[in-house]
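Student: Please find run-v8.cif (mmCIF, N, CA and C atoms) on the next line:
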data_structure
loop_
_atom_site.label_atom_id
_atom_site.label_comp_id
_atom_site.auth_asym_id
_atom_site.auth_seq_id
_atom_site.Cartn_x
_atom_site.Cartn_y
_atom_site.Cartn_z
N MET A 1 -9.18 13.31 20.92
CA MET A 1 -9.39 11.87 20.92
C MET A 1 -8.40 11.18 19.98
N LYS A 2 -8.18 11.78 18.79
CA LYS A 2 -7.28 11.16 17.83
C LYS A 2 -5.86 11.10 18.38
N ILE A 3 -5.44 12.14 19.10
CA ILE A 3 -4.10 12.15 19.68
C ILE A 3 -3.95 11.03 20.70
N LEU A 4 -4.97 10.84 21.54
CA LEU A 4 -4.92 9.75 22.53
C LEU A 4 -4.89 8.40 21.84
N ARG A 5 -5.68 8.23 20.78
CA ARG A 5 -5.71 6.97 20.06
C ARG A 5 -4.34 6.68 19.45
N ARG A 6 -3.72 7.69 18.82
CA ARG A 6 -2.41 7.49 18.20
C ARG A 6 -1.35 7.18 19.26
N LEU A 7 -1.43 7.85 20.41
CA LEU A 7 -0.48 7.60 21.48
C LEU A 7 -0.63 6.16 21.99
N ALA A 8 -1.88 5.74 22.19
CA ALA A 8 -2.12 4.39 22.70
C ALA A 8 -1.60 3.33 21.74
N ILE A 9 -1.83 3.52 20.46
CA ILE A 9 -1.38 2.50 19.51
C ILE A 9 0.12 2.54 19.29
N ALA A 10 0.74 3.68 19.51
CA ALA A 10 2.19 3.75 19.36
C ALA A 10 2.90 2.89 20.39
N LEU A 11 2.22 2.60 21.50
CA LEU A 11 2.82 1.81 22.56
C LEU A 11 2.61 0.31 22.39
N LEU A 12 1.77 -0.09 21.43
CA LEU A 12 1.50 -1.51 21.22
C LEU A 12 2.60 -2.15 20.37
N PRO A 13 2.98 -3.35 20.68
CA PRO A 13 3.99 -4.04 19.86
C PRO A 13 3.40 -4.49 18.52
N ALA A 14 4.25 -4.63 17.53
CA ALA A 14 3.80 -5.04 16.20
C ALA A 14 3.15 -6.42 16.22
N ALA A 15 3.50 -7.25 17.17
CA ALA A 15 2.92 -8.60 17.24
C ALA A 15 1.41 -8.56 17.44
N VAL A 16 0.89 -7.50 18.03
CA VAL A 16 -0.55 -7.39 18.24
C VAL A 16 -1.28 -7.45 16.91
N LEU A 17 -0.70 -6.89 15.88
CA LEU A 17 -1.32 -6.87 14.57
C LEU A 17 -1.65 -8.29 14.10
N LEU A 18 -0.81 -9.24 14.40
CA LEU A 18 -1.01 -10.60 13.92
C LEU A 18 -1.78 -11.47 14.90
N SER A 19 -2.00 -11.00 16.12
CA SER A 19 -2.63 -11.86 17.11
C SER A 19 -4.02 -11.44 17.54
N LEU A 20 -4.41 -10.19 17.37
CA LEU A 20 -5.71 -9.74 17.85
C LEU A 20 -6.47 -8.95 16.80
N PRO A 21 -7.77 -9.22 16.61
CA PRO A 21 -8.57 -8.38 15.74
C PRO A 21 -8.89 -7.06 16.44
N ALA A 22 -9.10 -6.01 15.68
CA ALA A 22 -9.44 -4.71 16.25
C ALA A 22 -10.91 -4.69 16.64
N VAL A 23 -11.26 -3.85 17.60
CA VAL A 23 -12.63 -3.71 18.06
C VAL A 23 -13.02 -2.26 17.92
N GLY A 24 -14.20 -1.99 17.36
CA GLY A 24 -14.67 -0.63 17.18
C GLY A 24 -13.70 0.17 16.33
N HIS A 25 -13.46 1.40 16.71
CA HIS A 25 -12.52 2.23 15.98
C HIS A 25 -11.16 2.25 16.66
N ALA A 26 -10.83 1.20 17.36
CA ALA A 26 -9.49 1.09 17.95
C ALA A 26 -8.52 0.74 16.85
N SER A 27 -7.39 1.36 16.83
CA SER A 27 -6.44 1.17 15.75
C SER A 27 -5.89 -0.25 15.71
N PRO A 28 -5.60 -0.75 14.48
CA PRO A 28 -5.02 -2.08 14.35
C PRO A 28 -3.57 -2.17 14.80
N ALA A 29 -2.99 -1.15 15.34
CA ALA A 29 -1.63 -1.17 15.90
C ALA A 29 -0.57 -0.92 14.84
N LEU A 30 0.64 -1.26 15.19
CA LEU A 30 1.77 -1.06 14.29
C LEU A 30 1.77 -2.14 13.21
N ALA A 31 2.38 -1.83 12.09
CA ALA A 31 2.36 -2.77 10.98
C ALA A 31 3.73 -2.88 10.34
N PRO A 32 4.02 -4.06 9.79
CA PRO A 32 5.28 -4.18 9.05
C PRO A 32 5.20 -3.35 7.78
N PRO A 33 6.32 -2.87 7.28
CA PRO A 33 6.29 -2.04 6.07
C PRO A 33 5.87 -2.87 4.85
N PRO A 34 5.31 -2.20 3.83
CA PRO A 34 4.95 -2.91 2.61
C PRO A 34 6.20 -3.33 1.85
N PRO A 35 6.05 -4.23 0.86
CA PRO A 35 7.20 -4.60 0.05
C PRO A 35 7.74 -3.37 -0.70
N GLU A 36 8.98 -3.39 -1.06
CA GLU A 36 9.61 -2.28 -1.79
C GLU A 36 8.76 -1.93 -3.01
N GLY A 37 8.30 -0.68 -3.07
CA GLY A 37 7.51 -0.22 -4.21
C GLY A 37 6.10 -0.80 -4.28
N GLY A 38 5.64 -1.42 -3.21
CA GLY A 38 4.32 -2.04 -3.24
C GLY A 38 3.43 -1.61 -2.10
N ASN A 39 2.38 -2.37 -1.90
CA ASN A 39 1.44 -2.13 -0.81
C ASN A 39 0.82 -3.45 -0.42
N TYR A 40 -0.04 -3.45 0.57
CA TYR A 40 -0.82 -4.64 0.89
C TYR A 40 -2.08 -4.25 1.64
N ILE A 41 -2.98 -5.21 1.72
CA ILE A 41 -4.19 -5.12 2.54
C ILE A 41 -4.05 -6.20 3.60
N VAL A 42 -4.35 -5.87 4.85
CA VAL A 42 -4.40 -6.88 5.91
C VAL A 42 -5.86 -7.02 6.34
N ASN A 43 -6.31 -8.26 6.50
CA ASN A 43 -7.69 -8.56 6.89
C ASN A 43 -7.76 -8.67 8.41
N LEU A 44 -8.31 -7.65 9.05
CA LEU A 44 -8.48 -7.65 10.51
C LEU A 44 -9.96 -7.68 10.88
N SER A 45 -10.76 -8.38 10.10
CA SER A 45 -12.20 -8.40 10.30
C SER A 45 -12.58 -8.82 11.70
N ARG A 46 -13.70 -8.31 12.17
CA ARG A 46 -14.18 -8.61 13.52
C ARG A 46 -14.67 -10.05 13.65
N ILE A 47 -14.98 -10.67 12.53
CA ILE A 47 -15.45 -12.06 12.52
C ILE A 47 -14.28 -12.90 12.02
N SER A 48 -13.76 -13.79 12.85
CA SER A 48 -12.50 -14.46 12.55
C SER A 48 -12.53 -15.35 11.31
N ASN A 49 -13.68 -15.83 10.89
CA ASN A 49 -13.70 -16.66 9.69
C ASN A 49 -14.14 -15.89 8.45
N LEU A 50 -14.21 -14.58 8.54
CA LEU A 50 -14.63 -13.74 7.41
C LEU A 50 -13.44 -13.44 6.51
N ARG A 51 -13.56 -13.82 5.26
CA ARG A 51 -12.49 -13.58 4.30
C ARG A 51 -12.87 -12.41 3.40
N LEU A 52 -11.89 -11.64 3.01
CA LEU A 52 -12.09 -10.51 2.09
C LEU A 52 -11.77 -10.95 0.68
N GLY A 53 -12.53 -10.46 -0.28
CA GLY A 53 -12.14 -10.62 -1.67
C GLY A 53 -11.10 -9.55 -1.96
N ILE A 54 -9.99 -9.90 -2.56
CA ILE A 54 -8.96 -8.90 -2.89
C ILE A 54 -8.72 -8.87 -4.39
N ILE A 55 -8.36 -7.69 -4.86
CA ILE A 55 -8.21 -7.42 -6.29
C ILE A 55 -6.75 -7.08 -6.58
N HIS A 56 -6.16 -7.82 -7.49
CA HIS A 56 -4.75 -7.60 -7.83
C HIS A 56 -4.57 -6.36 -8.70
N VAL A 57 -5.21 -6.33 -9.87
CA VAL A 57 -5.08 -5.21 -10.81
C VAL A 57 -6.47 -4.71 -11.14
N ARG A 58 -6.65 -3.40 -11.15
CA ARG A 58 -7.96 -2.81 -11.46
C ARG A 58 -8.15 -2.80 -12.99
N ASP A 59 -8.59 -3.95 -13.49
CA ASP A 59 -8.74 -4.08 -14.94
C ASP A 59 -10.12 -4.59 -15.36
N GLY A 60 -11.02 -4.84 -14.40
CA GLY A 60 -12.35 -5.33 -14.71
C GLY A 60 -12.40 -6.82 -15.04
N ASN A 61 -11.25 -7.47 -15.06
CA ASN A 61 -11.17 -8.90 -15.38
C ASN A 61 -10.67 -9.63 -14.14
N TYR A 62 -11.61 -10.08 -13.28
CA TYR A 62 -11.25 -10.66 -12.00
C TYR A 62 -11.52 -12.16 -11.99
N THR A 63 -10.64 -12.93 -11.42
CA THR A 63 -10.69 -14.38 -11.41
C THR A 63 -12.02 -14.91 -10.89
N ARG A 64 -12.58 -14.28 -9.85
CA ARG A 64 -13.82 -14.76 -9.23
C ARG A 64 -14.98 -13.78 -9.43
N GLY A 65 -15.01 -13.08 -10.53
CA GLY A 65 -16.11 -12.17 -10.85
C GLY A 65 -15.89 -10.76 -10.36
N THR A 66 -15.89 -10.55 -9.02
CA THR A 66 -15.73 -9.21 -8.47
C THR A 66 -14.41 -9.04 -7.72
N TYR A 67 -13.63 -10.12 -7.63
CA TYR A 67 -12.32 -10.08 -6.96
C TYR A 67 -11.48 -11.23 -7.50
N ASP A 68 -10.19 -11.22 -7.17
CA ASP A 68 -9.28 -12.24 -7.70
C ASP A 68 -9.09 -13.44 -6.78
N THR A 69 -8.99 -13.21 -5.49
CA THR A 69 -8.83 -14.32 -4.54
C THR A 69 -9.35 -13.89 -3.18
N LEU A 70 -9.45 -14.84 -2.27
CA LEU A 70 -9.92 -14.56 -0.91
C LEU A 70 -8.75 -14.43 0.05
N LEU A 71 -8.85 -13.47 0.94
CA LEU A 71 -7.82 -13.22 1.94
C LEU A 71 -8.36 -13.62 3.31
N ASP A 72 -7.72 -14.60 3.93
CA ASP A 72 -8.14 -15.07 5.24
C ASP A 72 -7.88 -14.04 6.33
N HIS A 73 -8.59 -14.20 7.43
CA HIS A 73 -8.46 -13.35 8.61
C HIS A 73 -6.99 -13.33 9.07
N LEU A 74 -6.48 -12.15 9.40
CA LEU A 74 -5.12 -11.92 9.89
C LEU A 74 -4.03 -12.22 8.85
N HIS A 75 -4.40 -12.25 7.59
CA HIS A 75 -3.42 -12.44 6.52
C HIS A 75 -3.29 -11.16 5.70
N ARG A 76 -2.17 -11.05 4.97
CA ARG A 76 -1.89 -9.88 4.14
C ARG A 76 -1.86 -10.26 2.67
N SER A 77 -2.30 -9.34 1.84
CA SER A 77 -2.36 -9.61 0.40
C SER A 77 -0.98 -9.78 -0.23
N ASN A 78 0.08 -9.30 0.43
CA ASN A 78 1.41 -9.50 -0.16
C ASN A 78 1.88 -10.95 -0.04
N GLU A 79 1.05 -11.81 0.50
CA GLU A 79 1.30 -13.25 0.43
C GLU A 79 1.03 -13.76 -0.98
N TYR A 80 0.29 -12.98 -1.78
CA TYR A 80 -0.07 -13.35 -3.15
C TYR A 80 0.70 -12.54 -4.19
N TRP A 81 0.81 -11.24 -3.98
CA TRP A 81 1.48 -10.35 -4.93
C TRP A 81 1.95 -9.09 -4.22
N ASP A 82 2.84 -8.33 -4.85
CA ASP A 82 3.42 -7.14 -4.21
C ASP A 82 2.51 -5.92 -4.21
N ASN A 83 1.57 -5.84 -5.14
CA ASN A 83 0.65 -4.70 -5.20
C ASN A 83 -0.78 -5.21 -5.20
N THR A 84 -1.64 -4.49 -4.50
CA THR A 84 -3.06 -4.83 -4.43
C THR A 84 -3.85 -3.58 -4.81
N ALA A 85 -4.81 -3.74 -5.72
CA ALA A 85 -5.58 -2.59 -6.22
C ALA A 85 -6.85 -2.32 -5.42
N GLY A 86 -7.36 -3.33 -4.71
CA GLY A 86 -8.60 -3.10 -3.98
C GLY A 86 -9.11 -4.36 -3.30
N TYR A 87 -10.34 -4.25 -2.82
CA TYR A 87 -10.96 -5.36 -2.11
C TYR A 87 -12.46 -5.36 -2.36
N TYR A 88 -13.09 -6.47 -2.02
CA TYR A 88 -14.52 -6.62 -2.20
C TYR A 88 -15.15 -7.05 -0.87
N ILE A 89 -16.26 -6.39 -0.51
CA ILE A 89 -17.05 -6.72 0.68
C ILE A 89 -18.40 -7.24 0.20
N GLY A 90 -18.81 -8.40 0.68
CA GLY A 90 -20.07 -9.02 0.25
C GLY A 90 -21.30 -8.36 0.85
N PRO A 91 -22.47 -8.68 0.30
CA PRO A 91 -23.74 -8.13 0.79
C PRO A 91 -23.94 -8.42 2.28
N GLY A 92 -24.47 -7.43 2.99
CA GLY A 92 -24.73 -7.59 4.42
C GLY A 92 -23.55 -7.23 5.31
N TYR A 93 -22.44 -6.83 4.70
CA TYR A 93 -21.24 -6.47 5.45
C TYR A 93 -20.79 -5.07 5.11
N CYS A 94 -20.12 -4.44 6.03
CA CYS A 94 -19.48 -3.14 5.86
C CYS A 94 -18.03 -3.30 6.32
N ALA A 95 -17.25 -2.25 6.19
CA ALA A 95 -15.86 -2.34 6.63
C ALA A 95 -15.32 -0.97 7.01
N GLU A 96 -14.40 -0.99 7.95
CA GLU A 96 -13.61 0.19 8.27
C GLU A 96 -12.32 0.12 7.45
N GLU A 97 -11.93 1.23 6.87
CA GLU A 97 -10.64 1.32 6.18
C GLU A 97 -9.67 2.07 7.07
N TRP A 98 -8.51 1.50 7.26
CA TRP A 98 -7.44 2.13 8.01
C TRP A 98 -6.23 2.20 7.08
N ARG A 99 -5.63 3.37 6.95
CA ARG A 99 -4.49 3.55 6.05
C ARG A 99 -3.21 3.70 6.85
N LEU A 100 -2.17 3.01 6.42
CA LEU A 100 -0.88 3.08 7.08
C LEU A 100 -0.23 4.43 6.83
N ASP A 101 0.18 5.11 7.91
CA ASP A 101 0.87 6.39 7.73
C ASP A 101 2.38 6.16 7.70
N ASN A 102 3.13 7.23 7.55
CA ASN A 102 4.59 7.10 7.39
C ASN A 102 5.31 6.76 8.69
N THR A 103 4.58 6.62 9.80
CA THR A 103 5.22 6.23 11.06
C THR A 103 4.99 4.75 11.39
N GLY A 104 4.28 4.03 10.50
CA GLY A 104 4.01 2.63 10.74
C GLY A 104 2.75 2.38 11.56
N ILE A 105 1.89 3.40 11.66
CA ILE A 105 0.65 3.29 12.43
C ILE A 105 -0.53 3.46 11.48
N PHE A 106 -1.56 2.63 11.65
CA PHE A 106 -2.77 2.76 10.85
C PHE A 106 -3.64 3.88 11.41
N ASP A 107 -4.14 4.75 10.54
CA ASP A 107 -5.08 5.81 10.89
C ASP A 107 -6.43 5.49 10.27
N TYR A 108 -7.50 5.68 11.06
CA TYR A 108 -8.86 5.45 10.55
C TYR A 108 -9.12 6.38 9.37
N LEU A 109 -9.65 5.82 8.28
CA LEU A 109 -9.94 6.61 7.09
C LEU A 109 -11.44 6.80 6.90
N ARG A 110 -12.19 5.68 6.84
CA ARG A 110 -13.63 5.78 6.59
C ARG A 110 -14.29 4.42 6.75
N ASP A 111 -15.64 4.43 6.82
CA ASP A 111 -16.44 3.21 6.77
C ASP A 111 -17.02 3.10 5.36
N VAL A 112 -17.11 1.87 4.84
CA VAL A 112 -17.65 1.64 3.50
C VAL A 112 -18.67 0.51 3.56
N GLY A 113 -19.54 0.47 2.58
CA GLY A 113 -20.53 -0.58 2.48
C GLY A 113 -20.06 -1.70 1.58
N ALA A 114 -20.98 -2.60 1.25
CA ALA A 114 -20.67 -3.75 0.39
C ALA A 114 -20.27 -3.27 -1.01
N GLY A 115 -19.47 -4.11 -1.69
CA GLY A 115 -19.07 -3.81 -3.06
C GLY A 115 -17.57 -3.76 -3.22
N GLN A 116 -17.13 -3.33 -4.39
CA GLN A 116 -15.71 -3.19 -4.68
C GLN A 116 -15.21 -1.84 -4.18
N HIS A 117 -14.01 -1.85 -3.62
CA HIS A 117 -13.38 -0.63 -3.13
C HIS A 117 -11.93 -0.65 -3.59
N PHE A 118 -11.54 0.40 -4.30
CA PHE A 118 -10.18 0.46 -4.84
C PHE A 118 -9.33 1.38 -3.98
N ILE A 119 -8.07 1.01 -3.86
CA ILE A 119 -7.14 1.74 -3.00
C ILE A 119 -5.94 2.21 -3.82
N SER A 120 -5.18 3.10 -3.25
CA SER A 120 -3.94 3.53 -3.86
C SER A 120 -2.96 2.37 -3.86
N THR A 121 -2.29 2.15 -4.96
CA THR A 121 -1.31 1.05 -5.02
C THR A 121 0.01 1.44 -4.37
N THR A 122 0.06 2.63 -3.78
CA THR A 122 1.27 3.04 -3.07
C THR A 122 1.04 3.14 -1.57
N GLN A 123 -0.17 2.78 -1.10
CA GLN A 123 -0.47 2.84 0.33
C GLN A 123 -1.02 1.52 0.81
N THR A 124 -0.76 1.22 2.07
CA THR A 124 -1.17 -0.03 2.69
C THR A 124 -2.38 0.21 3.58
N TYR A 125 -3.30 -0.77 3.61
CA TYR A 125 -4.56 -0.63 4.32
C TYR A 125 -4.83 -1.83 5.22
N ALA A 126 -5.47 -1.57 6.34
CA ALA A 126 -6.07 -2.60 7.18
C ALA A 126 -7.58 -2.50 6.94
N ILE A 127 -8.22 -3.63 6.69
CA ILE A 127 -9.67 -3.66 6.46
C ILE A 127 -10.29 -4.47 7.59
N ILE A 128 -11.27 -3.85 8.24
CA ILE A 128 -11.96 -4.48 9.36
C ILE A 128 -13.44 -4.62 8.97
N ALA A 129 -13.80 -5.78 8.46
CA ALA A 129 -15.18 -6.02 8.02
C ALA A 129 -16.06 -6.41 9.20
N TYR A 130 -17.34 -6.09 9.10
CA TYR A 130 -18.31 -6.39 10.15
C TYR A 130 -19.69 -6.45 9.53
N ARG A 131 -20.63 -7.11 10.21
CA ARG A 131 -22.03 -7.15 9.76
C ARG A 131 -22.64 -5.76 9.93
N CYS A 132 -23.44 -5.36 8.94
CA CYS A 132 -24.12 -4.05 9.06
C CYS A 132 -25.55 -4.14 8.56
#
Please, can you express the file's structure as structure tokens?

Tutor:
Amino acid sequence: MKILRRLAIALLPAAVLLSLPAVGHASPALAPPPPEGGNYIVNLSRISNLRLGIIHVRDGNYTRGTYDTLLDHLHRSNEYWDNTAGYYIGPGYCAEEWRLDNTGIFDYLRDVGAGQHFISTTQTYAIIAYRC
């Protein structure tokens, strides 16, 4: 199944990433590379007006309590800074984490519940939030 999923997403144009939200465990498609020496989070939530809390530096001192700023649907955290340390999902929501591999394709990583989630500052992620 994973081979078929990777093959299917390899055929999708990069523009799909910016125009369509993902459904189920369907891959978010191809992605632009992260900034030199950085990473980003892209918000591909299933609910178009759902914003993610994003965390710039993992230091416990966040502008809005549990995160630094809000990331709108279909936007990337590198619009704010070159490195992102994590994200926050509010109560009543869960999220799928997809990690960008070295071929420019997102691979499903795991599902997570509400709360803060920290990521590698050298890898890029697509986050697909949904009600749970």

Student: Distance CA of Ala129 in chain A-atom C of Arg110 in chain A, one decimal place?

Tutor: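 Going from CA of Ala129 in chain A over to atom C of Arg110 in chain A, I get 10.6 Å.
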
Student: Once the PyMOL selection byres ((chain A and resi 122) around 6.5) has been evaluated on this model, what residues remain selected, and can you format them as number ranges by chain?

Tutor: A: 37-39, 119-121, 123-124

Student: How far is it from atom N of Asn102 in chain A to atom C of Arg131 in chain A, in Å with one decimal?

Tutor: 29.0 Å

Student: At a cut-off of 6 Å, using all atoms listed in the file, what residues contact Gly92 in chain A? Leave out same-chain residues fewer than 3 positions from it and give the result as a PyMOL selection string.

Tutor: chain A and resi 114+130-132

Student: Pick the closest to Ile127 in chain A from A:Tyr87, A:Leu44, A:Gly65, A:Ile54: which is it, counting only N, CA and C atoms?

Tutor: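 Selected residue with least distance to Ile127 in chain A: A:Leu44.
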
Student: Using CA of Thr84 in chain A and CA of Glu36 in chain A as the two end points, give the distance in Å to one decimal.

Tutor: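 CA of Glu36 in chain A lies 13.2 Å from CA of Thr84 in chain A.
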
Student: Counting all atoms listed in the file, what is within 6 Å of Ile55 in chain A, bar same-chain residues fewer than 3 positions away, as a compact mmCIF listing (two decimals) with N, CA and C atoms, keeping the file's coordinate frame?

Tutor:
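File written: part_19.txt
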# COMPACT_ATOMS: atom_id res chain seq x y z
N ARG A 58 -6.65 -3.40 -11.15
CA ARG A 58 -7.96 -2.81 -11.46
C ARG A 58 -8.15 -2.80 -12.99
N TYR A 67 -13.63 -10.12 -7.63
CA TYR A 67 -12.32 -10.08 -6.96
C TYR A 67 -11.48 -11.23 -7.50
N ASP A 68 -10.19 -11.22 -7.17
CA ASP A 68 -9.28 -12.24 -7.70
C ASP A 68 -9.09 -13.44 -6.78
N THR A 69 -8.99 -13.21 -5.49
CA THR A 69 -8.83 -14.32 -4.54
C THR A 69 -9.35 -13.89 -3.18
N THR A 84 -1.64 -4.49 -4.50
CA THR A 84 -3.06 -4.83 -4.43
C THR A 84 -3.85 -3.58 -4.81
N ALA A 85 -4.81 -3.74 -5.72
CA ALA A 85 -5.58 -2.59 -6.22
C ALA A 85 -6.85 -2.32 -5.42
N GLY A 86 -7.36 -3.33 -4.71
CA GLY A 86 -8.60 -3.10 -3.98
C GLY A 86 -9.11 -4.36 -3.30
N TYR A 87 -10.34 -4.25 -2.82
CA TYR A 87 -10.96 -5.36 -2.11
C TYR A 87 -12.46 -5.36 -2.36
N TYR A 88 -13.09 -6.47 -2.02
CA TYR A 88 -14.52 -6.62 -2.20
C TYR A 88 -15.15 -7.05 -0.87

Student: Let me know the residues the PyMOL selection byres ((chain A and resi 97) around 6.5) catches in the file above, as a PyMOL selection string.

Tutor: chain A and resi 95-96+98-99+107-112+125-128

Student: Kindly save the residues from that selection, with N, CA and C atoms included, as a PDB file, keeping the file's coordinate frame.

Tutor:
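Listed below is the output, result31.pdb:
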ATOM      1  N   ALA A  95     -17.250  -2.250   6.190  1.00  0.00           N
ATOM      2  CA  ALA A  95     -15.860  -2.340   6.630  1.00  0.00           C
ATOM      3  C   ALA A  95     -15.320  -0.970   7.010  1.00  0.00           C
ATOM      4  N   GLU A  96     -14.400  -0.990   7.950  1.00  0.00           N
ATOM      5  CA  GLU A  96     -13.610   0.190   8.270  1.00  0.00           C
ATOM      6  C   GLU A  96     -12.320   0.120   7.450  1.00  0.00           C
ATOM      7  N   TRP A  98      -8.510   1.500   7.260  1.00  0.00           N
ATOM      8  CA  TRP A  98      -7.440   2.130   8.010  1.00  0.00           C
ATOM      9  C   TRP A  98      -6.230   2.200   7.080  1.00  0.00           C
ATOM     10  N   ARG A  99      -5.630   3.370   6.950  1.00  0.00           N
ATOM     11  CA  ARG A  99      -4.490   3.550   6.050  1.00  0.00           C
ATOM     12  C   ARG A  99      -3.210   3.700   6.850  1.00  0.00           C
ATOM     13  N   ASP A 107      -4.140   4.750  10.540  1.00  0.00           N
ATOM     14  CA  ASP A 107      -5.080   5.810  10.890  1.00  0.00           C
ATOM     15  C   ASP A 107      -6.430   5.490  10.270  1.00  0.00           C
ATOM     16  N   TYR A 108      -7.500   5.680  11.060  1.00  0.00           N
ATOM     17  CA  TYR A 108      -8.860   5.450  10.550  1.00  0.00           C
ATOM     18  C   TYR A 108      -9.120   6.380   9.370  1.00  0.00           C
ATOM     19  N   LEU A 109      -9.650   5.820   8.280  1.00  0.00           N
ATOM     20  CA  LEU A 109      -9.940   6.610   7.090  1.00  0.00           C
ATOM     21  C   LEU A 109     -11.440   6.800   6.900  1.00  0.00           C
ATOM     22  N   ARG A 110     -12.190   5.680   6.840  1.00  0.00           N
ATOM     23  CA  ARG A 110     -13.630   5.780   6.590  1.00  0.00           C
ATOM     24  C   ARG A 110     -14.290   4.420   6.750  1.00  0.00           C
ATOM     25  N   ASP A 111     -15.640   4.430   6.820  1.00  0.00           N
ATOM     26  CA  ASP A 111     -16.440   3.210   6.770  1.00  0.00           C
ATOM     27  C   ASP A 111     -17.020   3.100   5.360  1.00  0.00           C
ATOM     28  N   VAL A 112     -17.110   1.870   4.840  1.00  0.00           N
ATOM     29  CA  VAL A 112     -17.650   1.640   3.500  1.00  0.00           C
ATOM     30  C   VAL A 112     -18.670   0.510   3.560  1.00  0.00           C
ATOM     31  N   TYR A 125      -3.300  -0.770   3.610  1.00  0.00           N
ATOM     32  CA  TYR A 125      -4.560  -0.630   4.320  1.00  0.00           C
ATOM     33  C   TYR A 125      -4.830  -1.830   5.220  1.00  0.00           C
ATOM     34  N   ALA A 126      -5.470  -1.570   6.340  1.00  0.00           N
ATOM     35  CA  ALA A 126      -6.070  -2.600   7.180  1.00  0.00           C
ATOM     36  C   ALA A 126      -7.580  -2.500   6.940  1.00  0.00           C
ATOM     37  N   ILE A 127      -8.220  -3.630   6.690  1.00  0.00           N
ATOM     38  CA  ILE A 127      -9.670  -3.660   6.460  1.00  0.00           C
ATOM     39  C   ILE A 127     -10.290  -4.470   7.590  1.00  0.00           C
ATOM     40  N   ILE A 128     -11.270  -3.850   8.240  1.00  0.00           N
ATOM     41  CA  ILE A 128     -11.960  -4.480   9.360  1.00  0.00           C
ATOM     42  C   ILE A 128     -13.440  -4.620   8.970  1.00  0.00           C
TER      43      ILE A 128
END

Student: Which residue gives the smallest distance to His56 in chain A among A:Pro91, A:His117, A:Asn83, A:Val42, with only N, CA and C atoms counted?

Tutor: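 Going through A:Pro91, A:His117, A:Asn83, A:Val42 one by one, the smallest distance to His56 in chain A is for A:Asn83.
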